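Colleague: Sharing final-v4.cif below, mmCIF, N, CA, C and O atoms:
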```cif
data_data
loop_
_atom_site.label_atom_id
_atom_site.label_comp_id
_atom_site.auth_asym_id
_atom_site.auth_seq_id
_atom_site.Cartn_x
_atom_site.Cartn_y
_atom_site.Cartn_z
N MET Q 1 -6.96 2.59 6.43
CA MET Q 1 -6.47 1.77 5.36
C MET Q 1 -6.32 2.63 4.11
O MET Q 1 -7.06 3.59 3.93
N MET Q 2 -5.37 2.22 3.29
CA MET Q 2 -5.14 2.94 2.05
C MET Q 2 -4.54 1.97 1.05
O MET Q 2 -3.73 1.11 1.40
N ILE Q 3 -4.95 2.09 -0.20
CA ILE Q 3 -4.31 1.37 -1.30
C ILE Q 3 -3.56 2.40 -2.11
O ILE Q 3 -4.13 3.41 -2.53
N LEU Q 4 -2.27 2.18 -2.28
CA LEU Q 4 -1.41 3.11 -3.02
C LEU Q 4 -0.80 2.37 -4.20
O LEU Q 4 -0.20 1.31 -4.04
N ASP Q 5 -0.96 2.94 -5.38
CA ASP Q 5 -0.37 2.39 -6.60
C ASP Q 5 0.62 3.42 -7.11
O ASP Q 5 0.24 4.52 -7.50
N ASN Q 6 1.91 3.09 -7.11
CA ASN Q 6 2.92 4.04 -7.57
C ASN Q 6 3.32 3.79 -9.03
O ASN Q 6 4.28 4.34 -9.52
N GLY Q 7 2.58 2.92 -9.71
CA GLY Q 7 2.87 2.62 -11.10
C GLY Q 7 3.74 1.39 -11.28
O GLY Q 7 3.81 0.83 -12.37
N GLU Q 8 4.39 0.96 -10.20
CA GLU Q 8 5.24 -0.23 -10.24
C GLU Q 8 4.81 -1.27 -9.20
O GLU Q 8 4.89 -2.46 -9.44
N GLN Q 9 4.38 -0.78 -8.04
CA GLN Q 9 3.93 -1.65 -6.96
C GLN Q 9 2.60 -1.12 -6.43
O GLN Q 9 2.28 0.05 -6.57
N VAL Q 10 1.85 -2.02 -5.78
CA VAL Q 10 0.62 -1.64 -5.10
C VAL Q 10 0.82 -1.95 -3.62
O VAL Q 10 1.24 -3.05 -3.26
N PHE Q 11 0.56 -0.95 -2.78
CA PHE Q 11 0.73 -1.10 -1.34
C PHE Q 11 -0.63 -1.09 -0.66
O PHE Q 11 -1.49 -0.27 -1.00
N LEU Q 12 -0.81 -1.97 0.29
CA LEU Q 12 -1.98 -1.96 1.15
C LEU Q 12 -1.47 -1.52 2.52
O LEU Q 12 -0.76 -2.26 3.19
N TRP Q 13 -1.77 -0.27 2.89
CA TRP Q 13 -1.31 0.28 4.16
C TRP Q 13 -2.41 0.10 5.19
O TRP Q 13 -3.57 0.44 4.94
N LEU Q 14 -2.06 -0.43 6.34
CA LEU Q 14 -3.03 -0.68 7.41
C LEU Q 14 -2.66 0.11 8.65
O LEU Q 14 -1.52 0.05 9.12
N GLY Q 15 -3.61 0.85 9.16
CA GLY Q 15 -3.42 1.59 10.40
C GLY Q 15 -3.50 0.67 11.60
O GLY Q 15 -3.87 -0.50 11.49
N SER Q 16 -3.19 1.20 12.75
CA SER Q 16 -3.11 0.38 13.96
C SER Q 16 -4.47 -0.02 14.51
O SER Q 16 -4.56 -0.96 15.31
N LYS Q 17 -5.54 0.66 14.11
CA LYS Q 17 -6.86 0.38 14.68
C LYS Q 17 -7.80 -0.33 13.72
O LYS Q 17 -9.00 -0.32 13.90
N CYS Q 18 -7.26 -0.99 12.70
CA CYS Q 18 -8.09 -1.71 11.73
C CYS Q 18 -8.62 -3.00 12.34
O CYS Q 18 -7.87 -3.73 12.99
N SER Q 19 -9.88 -3.25 12.12
CA SER Q 19 -10.45 -4.51 12.62
C SER Q 19 -10.11 -5.64 11.65
O SER Q 19 -9.69 -5.40 10.51
N GLU Q 20 -10.31 -6.85 12.09
CA GLU Q 20 -10.04 -8.02 11.25
C GLU Q 20 -10.91 -8.01 10.00
O GLU Q 20 -10.44 -8.34 8.90
N VAL Q 21 -12.16 -7.60 10.14
CA VAL Q 21 -13.08 -7.53 9.00
C VAL Q 21 -12.58 -6.49 8.00
O VAL Q 21 -12.56 -6.73 6.79
N GLU Q 22 -12.17 -5.34 8.50
CA GLU Q 22 -11.66 -4.28 7.61
C GLU Q 22 -10.41 -4.74 6.86
O GLU Q 22 -10.27 -4.46 5.67
N VAL Q 23 -9.53 -5.45 7.54
CA VAL Q 23 -8.31 -5.95 6.90
C VAL Q 23 -8.67 -6.92 5.79
O VAL Q 23 -8.13 -6.83 4.68
N LYS Q 24 -9.58 -7.84 6.06
CA LYS Q 24 -9.98 -8.82 5.04
C LYS Q 24 -10.61 -8.15 3.83
O LYS Q 24 -10.31 -8.49 2.69
N LEU Q 25 -11.48 -7.18 4.07
CA LEU Q 25 -12.13 -6.48 2.96
C LEU Q 25 -11.14 -5.63 2.16
O LEU Q 25 -11.21 -5.57 0.94
N ALA Q 26 -10.21 -5.00 2.85
CA ALA Q 26 -9.20 -4.20 2.16
C ALA Q 26 -8.30 -5.09 1.32
O ALA Q 26 -7.94 -4.74 0.18
N TYR Q 27 -7.93 -6.24 1.85
CA TYR Q 27 -7.09 -7.19 1.11
C TYR Q 27 -7.80 -7.66 -0.16
O TYR Q 27 -7.22 -7.67 -1.25
N LYS Q 28 -9.08 -8.01 -0.02
CA LYS Q 28 -9.86 -8.44 -1.19
C LYS Q 28 -9.97 -7.31 -2.21
O LYS Q 28 -9.87 -7.54 -3.41
N SER Q 29 -10.17 -6.09 -1.74
CA SER Q 29 -10.26 -4.94 -2.65
C SER Q 29 -8.95 -4.74 -3.40
O SER Q 29 -8.96 -4.48 -4.61
N ALA Q 30 -7.83 -4.88 -2.71
CA ALA Q 30 -6.52 -4.73 -3.35
C ALA Q 30 -6.30 -5.82 -4.40
O ALA Q 30 -5.78 -5.55 -5.49
N LEU Q 31 -6.72 -7.04 -4.11
CA LEU Q 31 -6.58 -8.13 -5.07
C LEU Q 31 -7.43 -7.89 -6.32
O LEU Q 31 -6.98 -8.12 -7.44
N VAL Q 32 -8.66 -7.42 -6.12
CA VAL Q 32 -9.53 -7.10 -7.26
C VAL Q 32 -8.91 -5.98 -8.09
O VAL Q 32 -8.91 -6.04 -9.32
N TYR Q 33 -8.35 -4.99 -7.42
CA TYR Q 33 -7.69 -3.88 -8.13
C TYR Q 33 -6.53 -4.39 -8.98
O TYR Q 33 -6.41 -4.03 -10.15
N ILE Q 34 -5.71 -5.26 -8.41
CA ILE Q 34 -4.56 -5.81 -9.15
C ILE Q 34 -5.04 -6.67 -10.32
O ILE Q 34 -4.46 -6.61 -11.41
N GLN Q 35 -6.08 -7.46 -10.13
CA GLN Q 35 -6.62 -8.26 -11.23
C GLN Q 35 -7.12 -7.37 -12.36
O GLN Q 35 -6.92 -7.68 -13.53
N HIS Q 36 -7.76 -6.27 -12.00
CA HIS Q 36 -8.23 -5.32 -13.01
C HIS Q 36 -7.04 -4.75 -13.79
O HIS Q 36 -7.09 -4.63 -15.01
N LEU Q 37 -5.97 -4.40 -13.07
CA LEU Q 37 -4.78 -3.87 -13.74
C LEU Q 37 -4.16 -4.89 -14.68
O LEU Q 37 -3.71 -4.54 -15.77
N ARG Q 38 -4.13 -6.14 -14.25
CA ARG Q 38 -3.56 -7.20 -15.10
C ARG Q 38 -4.36 -7.38 -16.38
O ARG Q 38 -3.79 -7.63 -17.44
N ALA Q 39 -5.68 -7.24 -16.28
CA ALA Q 39 -6.52 -7.36 -17.47
C ALA Q 39 -6.34 -6.14 -18.38
O ALA Q 39 -6.34 -6.27 -19.60
N LYS Q 40 -6.17 -4.98 -17.77
CA LYS Q 40 -6.05 -3.74 -18.53
C LYS Q 40 -4.64 -3.54 -19.09
O LYS Q 40 -4.49 -3.06 -20.21
N GLU Q 41 -3.62 -3.87 -18.31
CA GLU Q 41 -2.22 -3.65 -18.69
C GLU Q 41 -1.41 -4.92 -18.40
O GLU Q 41 -0.61 -4.94 -17.46
N PRO Q 42 -1.57 -5.98 -19.19
CA PRO Q 42 -0.86 -7.23 -18.89
C PRO Q 42 0.66 -7.11 -18.98
O PRO Q 42 1.38 -7.90 -18.38
N GLU Q 43 1.14 -6.11 -19.70
CA GLU Q 43 2.58 -5.95 -19.86
C GLU Q 43 3.23 -5.29 -18.64
O GLU Q 43 4.45 -5.24 -18.53
N ARG Q 44 2.41 -4.77 -17.71
CA ARG Q 44 2.93 -4.10 -16.52
C ARG Q 44 2.35 -4.73 -15.25
O ARG Q 44 1.59 -4.08 -14.53
N PRO Q 45 2.71 -5.96 -14.93
CA PRO Q 45 2.17 -6.58 -13.71
C PRO Q 45 2.70 -5.86 -12.46
O PRO Q 45 3.81 -5.37 -12.44
N ARG Q 46 1.87 -5.81 -11.44
CA ARG Q 46 2.27 -5.17 -10.18
C ARG Q 46 2.12 -6.16 -9.04
O ARG Q 46 1.20 -6.96 -9.01
N LYS Q 47 3.04 -6.07 -8.08
CA LYS Q 47 2.98 -6.91 -6.89
C LYS Q 47 2.29 -6.13 -5.77
O LYS Q 47 2.36 -4.90 -5.72
N LEU Q 48 1.67 -6.87 -4.85
CA LEU Q 48 1.02 -6.28 -3.70
C LEU Q 48 1.95 -6.39 -2.50
O LEU Q 48 2.49 -7.45 -2.21
N PHE Q 49 2.12 -5.26 -1.79
CA PHE Q 49 2.95 -5.21 -0.59
C PHE Q 49 2.10 -4.76 0.59
O PHE Q 49 1.37 -3.77 0.48
N LEU Q 50 2.20 -5.45 1.70
CA LEU Q 50 1.51 -5.07 2.92
C LEU Q 50 2.40 -4.11 3.70
O LEU Q 50 3.60 -4.35 3.86
N THR Q 51 1.81 -3.00 4.16
CA THR Q 51 2.55 -2.00 4.91
C THR Q 51 1.77 -1.68 6.17
O THR Q 51 0.58 -1.41 6.12
N LEU Q 52 2.45 -1.73 7.32
CA LEU Q 52 1.80 -1.47 8.60
C LEU Q 52 2.23 -0.11 9.14
O LEU Q 52 3.39 0.30 8.97
N LYS Q 53 1.32 0.57 9.83
CA LYS Q 53 1.62 1.87 10.40
C LYS Q 53 2.81 1.77 11.33
O LYS Q 53 2.88 0.89 12.19
N GLY Q 54 3.76 2.66 11.14
CA GLY Q 54 4.96 2.68 11.97
C GLY Q 54 6.06 1.76 11.50
O GLY Q 54 7.17 1.82 12.01
N LYS Q 55 5.76 0.90 10.53
CA LYS Q 55 6.76 -0.04 10.01
C LYS Q 55 6.84 0.07 8.48
O LYS Q 55 7.05 -0.91 7.80
N GLU Q 56 6.66 1.30 7.99
CA GLU Q 56 6.65 1.54 6.55
C GLU Q 56 8.05 1.33 5.97
O GLU Q 56 9.04 1.78 6.55
N SER Q 57 8.11 0.63 4.87
CA SER Q 57 9.39 0.36 4.20
C SER Q 57 9.84 1.60 3.44
O SER Q 57 9.05 2.49 3.13
N ARG Q 58 11.10 1.63 3.10
CA ARG Q 58 11.65 2.73 2.28
C ARG Q 58 10.95 2.76 0.93
O ARG Q 58 10.68 3.81 0.38
N ARG Q 59 10.63 1.59 0.40
CA ARG Q 59 9.93 1.48 -0.88
C ARG Q 59 8.60 2.23 -0.83
O ARG Q 59 8.19 2.87 -1.79
N PHE Q 60 7.91 2.17 0.32
CA PHE Q 60 6.64 2.86 0.50
C PHE Q 60 6.86 4.36 0.74
O PHE Q 60 6.22 5.19 0.10
N THR Q 61 7.74 4.71 1.66
CA THR Q 61 7.90 6.11 2.06
C THR Q 61 8.45 6.99 0.94
O THR Q 61 8.16 8.18 0.91
N LYS Q 62 9.20 6.41 0.01
CA LYS Q 62 9.74 7.25 -1.07
C LYS Q 62 8.65 7.70 -2.04
O LYS Q 62 8.90 8.56 -2.87
N CYS Q 63 7.43 7.18 -1.91
CA CYS Q 63 6.31 7.65 -2.72
C CYS Q 63 5.81 9.01 -2.23
O CYS Q 63 5.04 9.67 -2.92
N PHE Q 64 6.24 9.41 -1.04
CA PHE Q 64 5.81 10.66 -0.42
C PHE Q 64 7.03 11.56 -0.25
O PHE Q 64 7.88 11.30 0.60
N HIS Q 65 7.11 12.61 -1.02
CA HIS Q 65 8.30 13.46 -1.03
C HIS Q 65 8.57 14.11 0.32
O HIS Q 65 9.72 14.38 0.66
N ALA Q 66 7.55 14.40 1.10
CA ALA Q 66 7.73 15.08 2.37
C ALA Q 66 7.83 14.12 3.55
O ALA Q 66 7.84 14.56 4.70
N TRP Q 67 7.90 12.81 3.30
CA TRP Q 67 7.93 11.84 4.40
C TRP Q 67 9.20 12.02 5.22
O TRP Q 67 10.29 12.11 4.69
N SER Q 68 9.04 12.07 6.51
CA SER Q 68 10.19 12.16 7.41
C SER Q 68 9.80 11.53 8.73
O SER Q 68 8.73 11.81 9.28
N PHE Q 69 10.66 10.71 9.26
CA PHE Q 69 10.37 10.09 10.55
C PHE Q 69 10.47 11.12 11.67
O PHE Q 69 9.98 10.91 12.76
N HIS Q 70 11.06 12.27 11.41
CA HIS Q 70 11.14 13.33 12.40
C HIS Q 70 9.83 14.10 12.51
O HIS Q 70 9.59 14.80 13.47
N LYS Q 71 8.96 13.97 11.50
CA LYS Q 71 7.70 14.68 11.46
C LYS Q 71 6.50 13.80 11.82
O LYS Q 71 5.37 14.20 11.62
N LYS Q 72 6.74 12.59 12.30
CA LYS Q 72 5.64 11.69 12.61
C LYS Q 72 4.79 12.27 13.73
O LYS Q 72 5.32 12.75 14.72
N PRO Q 73 3.45 12.22 13.58
CA PRO Q 73 2.60 12.71 14.66
C PRO Q 73 2.68 11.78 15.87
O PRO Q 73 2.96 10.59 15.73
N PRO Q 74 2.43 12.31 17.06
CA PRO Q 74 2.47 11.44 18.25
C PRO Q 74 1.35 10.41 18.21
O PRO Q 74 0.30 10.65 17.63
N GLU Q 75 1.59 9.26 18.81
CA GLU Q 75 0.61 8.17 18.84
C GLU Q 75 -0.56 8.52 19.73
O GLU Q 75 -0.53 9.17 20.66
#
```
Take the structure in the file and give it back as structure tokens.

Modeller:
Amino acid sequence: MMILDNGEQVFLWLGSKCSEVEVKLAYKSALVYIQHLRAKEPERPRKLFLTLKGKESRRFTKCFHAWSFHKKPPE
């Protein structure tokens, strides 16, 4: 699991082997993080996006300059 904040959006990335408990805790952590940001920077609200391994959106992958689907490690 990973929480990524690119300054405009917050992504919660989930790997393929995350348990249900881990997903729930990660989601709650991301919500707390966003609430903290809203209190600290109310003029810059951020939305939370769920991202799953292997189904990453272009919005997510463009945060990584070296991202390439040709370089994906084998499953």

Colleague: On this structure, the PyMOL selection byres ((chain Q and resi 47-56) around 4.5) would catch which residues? List them as a count of residues only, sorted by chain and number.

Modeller: 11

Colleague: Given the choices Q:Ala26, Q:Ala66, Q:Cys18, Q:Leu37, which gets closest to Asp5 of chain Q if the distance is worked out from only C-alpha atoms?

Modeller: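 Residue with the minimum atom-to-atom distance to Asp5 of chain Q: Q:Leu37.
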
Colleague: From a backbone DSSP assignment, name each residue in chain Q labelled strand (DSSP E), as a PDB file with N, CA, C and O atoms, in the frame of the given file.

Modeller:
```
ATOM      1  N   MET Q   2      -5.370   2.220   3.290  1.00  0.00           N
ATOM      2  CA  MET Q   2      -5.140   2.940   2.050  1.00  0.00           C
ATOM      3  C   MET Q   2      -4.540   1.970   1.050  1.00  0.00           C
ATOM      4  O   MET Q   2      -3.730   1.110   1.400  1.00  0.00           O
ATOM      5  N   ILE Q   3      -4.950   2.090  -0.200  1.00  0.00           N
ATOM      6  CA  ILE Q   3      -4.310   1.370  -1.300  1.00  0.00           C
ATOM      7  C   ILE Q   3      -3.560   2.400  -2.110  1.00  0.00           C
ATOM      8  O   ILE Q   3      -4.130   3.410  -2.530  1.00  0.00           O
ATOM      9  N   LEU Q   4      -2.270   2.180  -2.280  1.00  0.00           N
ATOM     10  CA  LEU Q   4      -1.410   3.110  -3.020  1.00  0.00           C
ATOM     11  C   LEU Q   4      -0.800   2.370  -4.200  1.00  0.00           C
ATOM     12  O   LEU Q   4      -0.200   1.310  -4.040  1.00  0.00           O
ATOM     13  N   ASP Q   5      -0.960   2.940  -5.380  1.00  0.00           N
ATOM     14  CA  ASP Q   5      -0.370   2.390  -6.600  1.00  0.00           C
ATOM     15  C   ASP Q   5       0.620   3.420  -7.110  1.00  0.00           C
ATOM     16  O   ASP Q   5       0.240   4.520  -7.500  1.00  0.00           O
ATOM     17  N   GLN Q   9       4.380  -0.780  -8.040  1.00  0.00           N
ATOM     18  CA  GLN Q   9       3.930  -1.650  -6.960  1.00  0.00           C
ATOM     19  C   GLN Q   9       2.600  -1.120  -6.430  1.00  0.00           C
ATOM     20  O   GLN Q   9       2.280   0.050  -6.570  1.00  0.00           O
ATOM     21  N   VAL Q  10       1.850  -2.020  -5.780  1.00  0.00           N
ATOM     22  CA  VAL Q  10       0.620  -1.640  -5.100  1.00  0.00           C
ATOM     23  C   VAL Q  10       0.820  -1.950  -3.620  1.00  0.00           C
ATOM     24  O   VAL Q  10       1.240  -3.050  -3.260  1.00  0.00           O
ATOM     25  N   PHE Q  11       0.560  -0.950  -2.780  1.00  0.00           N
ATOM     26  CA  PHE Q  11       0.730  -1.100  -1.340  1.00  0.00           C
ATOM     27  C   PHE Q  11      -0.630  -1.090  -0.660  1.00  0.00           C
ATOM     28  O   PHE Q  11      -1.490  -0.270  -1.000  1.00  0.00           O
ATOM     29  N   LEU Q  12      -0.810  -1.970   0.290  1.00  0.00           N
ATOM     30  CA  LEU Q  12      -1.980  -1.960   1.150  1.00  0.00           C
ATOM     31  C   LEU Q  12      -1.470  -1.520   2.520  1.00  0.00           C
ATOM     32  O   LEU Q  12      -0.760  -2.260   3.190  1.00  0.00           O
ATOM     33  N   TRP Q  13      -1.770  -0.270   2.890  1.00  0.00           N
ATOM     34  CA  TRP Q  13      -1.310   0.280   4.160  1.00  0.00           C
ATOM     35  C   TRP Q  13      -2.410   0.100   5.190  1.00  0.00           C
ATOM     36  O   TRP Q  13      -3.570   0.440   4.940  1.00  0.00           O
ATOM     37  N   LEU Q  14      -2.060  -0.430   6.340  1.00  0.00           N
ATOM     38  CA  LEU Q  14      -3.030  -0.680   7.410  1.00  0.00           C
ATOM     39  C   LEU Q  14      -2.660   0.110   8.650  1.00  0.00           C
ATOM     40  O   LEU Q  14      -1.520   0.050   9.120  1.00  0.00           O
ATOM     41  N   LYS Q  47       3.040  -6.070  -8.080  1.00  0.00           N
ATOM     42  CA  LYS Q  47       2.980  -6.910  -6.890  1.00  0.00           C
ATOM     43  C   LYS Q  47       2.290  -6.130  -5.770  1.00  0.00           C
ATOM     44  O   LYS Q  47       2.360  -4.900  -5.720  1.00  0.00           O
ATOM     45  N   LEU Q  48       1.670  -6.870  -4.850  1.00  0.00           N
ATOM     46  CA  LEU Q  48       1.020  -6.280  -3.700  1.00  0.00           C
ATOM     47  C   LEU Q  48       1.950  -6.390  -2.500  1.00  0.00           C
ATOM     48  O   LEU Q  48       2.490  -7.450  -2.210  1.00  0.00           O
ATOM     49  N   PHE Q  49       2.120  -5.260  -1.790  1.00  0.00           N
ATOM     50  CA  PHE Q  49       2.950  -5.210  -0.590  1.00  0.00           C
ATOM     51  C   PHE Q  49       2.100  -4.760   0.590  1.00  0.00           C
ATOM     52  O   PHE Q  49       1.370  -3.770   0.480  1.00  0.00           O
ATOM     53  N   LEU Q  50       2.200  -5.450   1.700  1.00  0.00           N
ATOM     54  CA  LEU Q  50       1.510  -5.070   2.920  1.00  0.00           C
ATOM     55  C   LEU Q  50       2.400  -4.110   3.700  1.00  0.00           C
ATOM     56  O   LEU Q  50       3.600  -4.350   3.860  1.00  0.00           O
ATOM     57  N   THR Q  51       1.810  -3.000   4.160  1.00  0.00           N
ATOM     58  CA  THR Q  51       2.550  -2.000   4.910  1.00  0.00           C
ATOM     59  C   THR Q  51       1.770  -1.680   6.170  1.00  0.00           C
ATOM     60  O   THR Q  51       0.580  -1.410   6.120  1.00  0.00           O
ATOM     61  N   LEU Q  52       2.450  -1.730   7.320  1.00  0.00           N
ATOM     62  CA  LEU Q  52       1.800  -1.470   8.600  1.00  0.00           C
ATOM     63  C   LEU Q  52       2.230  -0.110   9.140  1.00  0.00           C
ATOM     64  O   LEU Q  52       3.390   0.300   8.970  1.00  0.00           O
TER      65      LEU Q  52
END
```

Colleague: So the first atom is atom CA of Phe64 of chain Q and the second is atom CA of Asn6 of chain Q; what is the distance between them in Å, to one decimal place?

Modeller: 10.2 Å

Colleague: Please give the complete set of residues from chain Q that DSSP, run on the backbone, assigns to alpha helix (DSSP H), formatted as a PyMOL selection string.

Modeller: chain Q and resi 20-40+58-61

Colleague: May I have the selected residues written with N, CA, C and O atoms, as a short mmCIF file (atom, residue, chain, number, x, y, z; two decimals), keeping the file's coordinate frame?

Modeller:
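New file selection.cif:
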```
data_model
loop_
_atom_site.label_atom_id
_atom_site.label_comp_id
_atom_site.auth_asym_id
_atom_site.auth_seq_id
_atom_site.Cartn_x
_atom_site.Cartn_y
_atom_site.Cartn_z
N GLU Q 20 -10.31 -6.85 12.09
CA GLU Q 20 -10.04 -8.02 11.25
C GLU Q 20 -10.91 -8.01 10.00
O GLU Q 20 -10.44 -8.34 8.90
N VAL Q 21 -12.16 -7.60 10.14
CA VAL Q 21 -13.08 -7.53 9.00
C VAL Q 21 -12.58 -6.49 8.00
O VAL Q 21 -12.56 -6.73 6.79
N GLU Q 22 -12.17 -5.34 8.50
CA GLU Q 22 -11.66 -4.28 7.61
C GLU Q 22 -10.41 -4.74 6.86
O GLU Q 22 -10.27 -4.46 5.67
N VAL Q 23 -9.53 -5.45 7.54
CA VAL Q 23 -8.31 -5.95 6.90
C VAL Q 23 -8.67 -6.92 5.79
O VAL Q 23 -8.13 -6.83 4.68
N LYS Q 24 -9.58 -7.84 6.06
CA LYS Q 24 -9.98 -8.82 5.04
C LYS Q 24 -10.61 -8.15 3.83
O LYS Q 24 -10.31 -8.49 2.69
N LEU Q 25 -11.48 -7.18 4.07
CA LEU Q 25 -12.13 -6.48 2.96
C LEU Q 25 -11.14 -5.63 2.16
O LEU Q 25 -11.21 -5.57 0.94
N ALA Q 26 -10.21 -5.00 2.85
CA ALA Q 26 -9.20 -4.20 2.16
C ALA Q 26 -8.30 -5.09 1.32
O ALA Q 26 -7.94 -4.74 0.18
N TYR Q 27 -7.93 -6.24 1.85
CA TYR Q 27 -7.09 -7.19 1.11
C TYR Q 27 -7.80 -7.66 -0.16
O TYR Q 27 -7.22 -7.67 -1.25
N LYS Q 28 -9.08 -8.01 -0.02
CA LYS Q 28 -9.86 -8.44 -1.19
C LYS Q 28 -9.97 -7.31 -2.21
O LYS Q 28 -9.87 -7.54 -3.41
N SER Q 29 -10.17 -6.09 -1.74
CA SER Q 29 -10.26 -4.94 -2.65
C SER Q 29 -8.95 -4.74 -3.40
O SER Q 29 -8.96 -4.48 -4.61
N ALA Q 30 -7.83 -4.88 -2.71
CA ALA Q 30 -6.52 -4.73 -3.35
C ALA Q 30 -6.30 -5.82 -4.40
O ALA Q 30 -5.78 -5.55 -5.49
N LEU Q 31 -6.72 -7.04 -4.11
CA LEU Q 31 -6.58 -8.13 -5.07
C LEU Q 31 -7.43 -7.89 -6.32
O LEU Q 31 -6.98 -8.12 -7.44
N VAL Q 32 -8.66 -7.42 -6.12
CA VAL Q 32 -9.53 -7.10 -7.26
C VAL Q 32 -8.91 -5.98 -8.09
O VAL Q 32 -8.91 -6.04 -9.32
N TYR Q 33 -8.35 -4.99 -7.42
CA TYR Q 33 -7.69 -3.88 -8.13
C TYR Q 33 -6.53 -4.39 -8.98
O TYR Q 33 -6.41 -4.03 -10.15
N ILE Q 34 -5.71 -5.26 -8.41
CA ILE Q 34 -4.56 -5.81 -9.15
C ILE Q 34 -5.04 -6.67 -10.32
O ILE Q 34 -4.46 -6.61 -11.41
N GLN Q 35 -6.08 -7.46 -10.13
CA GLN Q 35 -6.62 -8.26 -11.23
C GLN Q 35 -7.12 -7.37 -12.36
O GLN Q 35 -6.92 -7.68 -13.53
N HIS Q 36 -7.76 -6.27 -12.00
CA HIS Q 36 -8.23 -5.32 -13.01
C HIS Q 36 -7.04 -4.75 -13.79
O HIS Q 36 -7.09 -4.63 -15.01
N LEU Q 37 -5.97 -4.40 -13.07
CA LEU Q 37 -4.78 -3.87 -13.74
C LEU Q 37 -4.16 -4.89 -14.68
O LEU Q 37 -3.71 -4.54 -15.77
N ARG Q 38 -4.13 -6.14 -14.25
CA ARG Q 38 -3.56 -7.20 -15.10
C ARG Q 38 -4.36 -7.38 -16.38
O ARG Q 38 -3.79 -7.63 -17.44
N ALA Q 39 -5.68 -7.24 -16.28
CA ALA Q 39 -6.52 -7.36 -17.47
C ALA Q 39 -6.34 -6.14 -18.38
O ALA Q 39 -6.34 -6.27 -19.60
N LYS Q 40 -6.17 -4.98 -17.77
CA LYS Q 40 -6.05 -3.74 -18.53
C LYS Q 40 -4.64 -3.54 -19.09
O LYS Q 40 -4.49 -3.06 -20.21
N ARG Q 58 11.10 1.63 3.10
CA ARG Q 58 11.65 2.73 2.28
C ARG Q 58 10.95 2.76 0.93
O ARG Q 58 10.68 3.81 0.38
N ARG Q 59 10.63 1.59 0.40
CA ARG Q 59 9.93 1.48 -0.88
C ARG Q 59 8.60 2.23 -0.83
O ARG Q 59 8.19 2.87 -1.79
N PHE Q 60 7.91 2.17 0.32
CA PHE Q 60 6.64 2.86 0.50
C PHE Q 60 6.86 4.36 0.74
O PHE Q 60 6.22 5.19 0.10
N THR Q 61 7.74 4.71 1.66
CA THR Q 61 7.90 6.11 2.06
C THR Q 61 8.45 6.99 0.94
O THR Q 61 8.16 8.18 0.91
#
```

Colleague: Choose the residue, out of Q:Met1, Q:Trp67, Q:Thr61, Q:Ala39, that has the smallest atom-to-atom separation from Glu22 of chain Q; count all atoms listed in the file.

Modeller: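 Checking each candidate against Glu22 of chain Q, we get Q:Met1 as the closest.
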
Colleague: Mind working out the centre and edge lengths of an axis-aligned box for segment 57-64 of chain Q, all listed atoms inside, 8 Å added to each side, rounded to one decimal in Å and written as AutoDock Vina command-line options?

Modeller:
```
--center_x 8.3 --center_y 6.0 --center_z 1.0 --size_x 22.6 --size_y 27.2 --size_z 23.8
```

Colleague: Please indicate the distance in Å from atom CA of Ser16 of chain Q to atom CA of Leu4 of chain Q, rounded to one decimal place.

Modeller: 17.3 Å
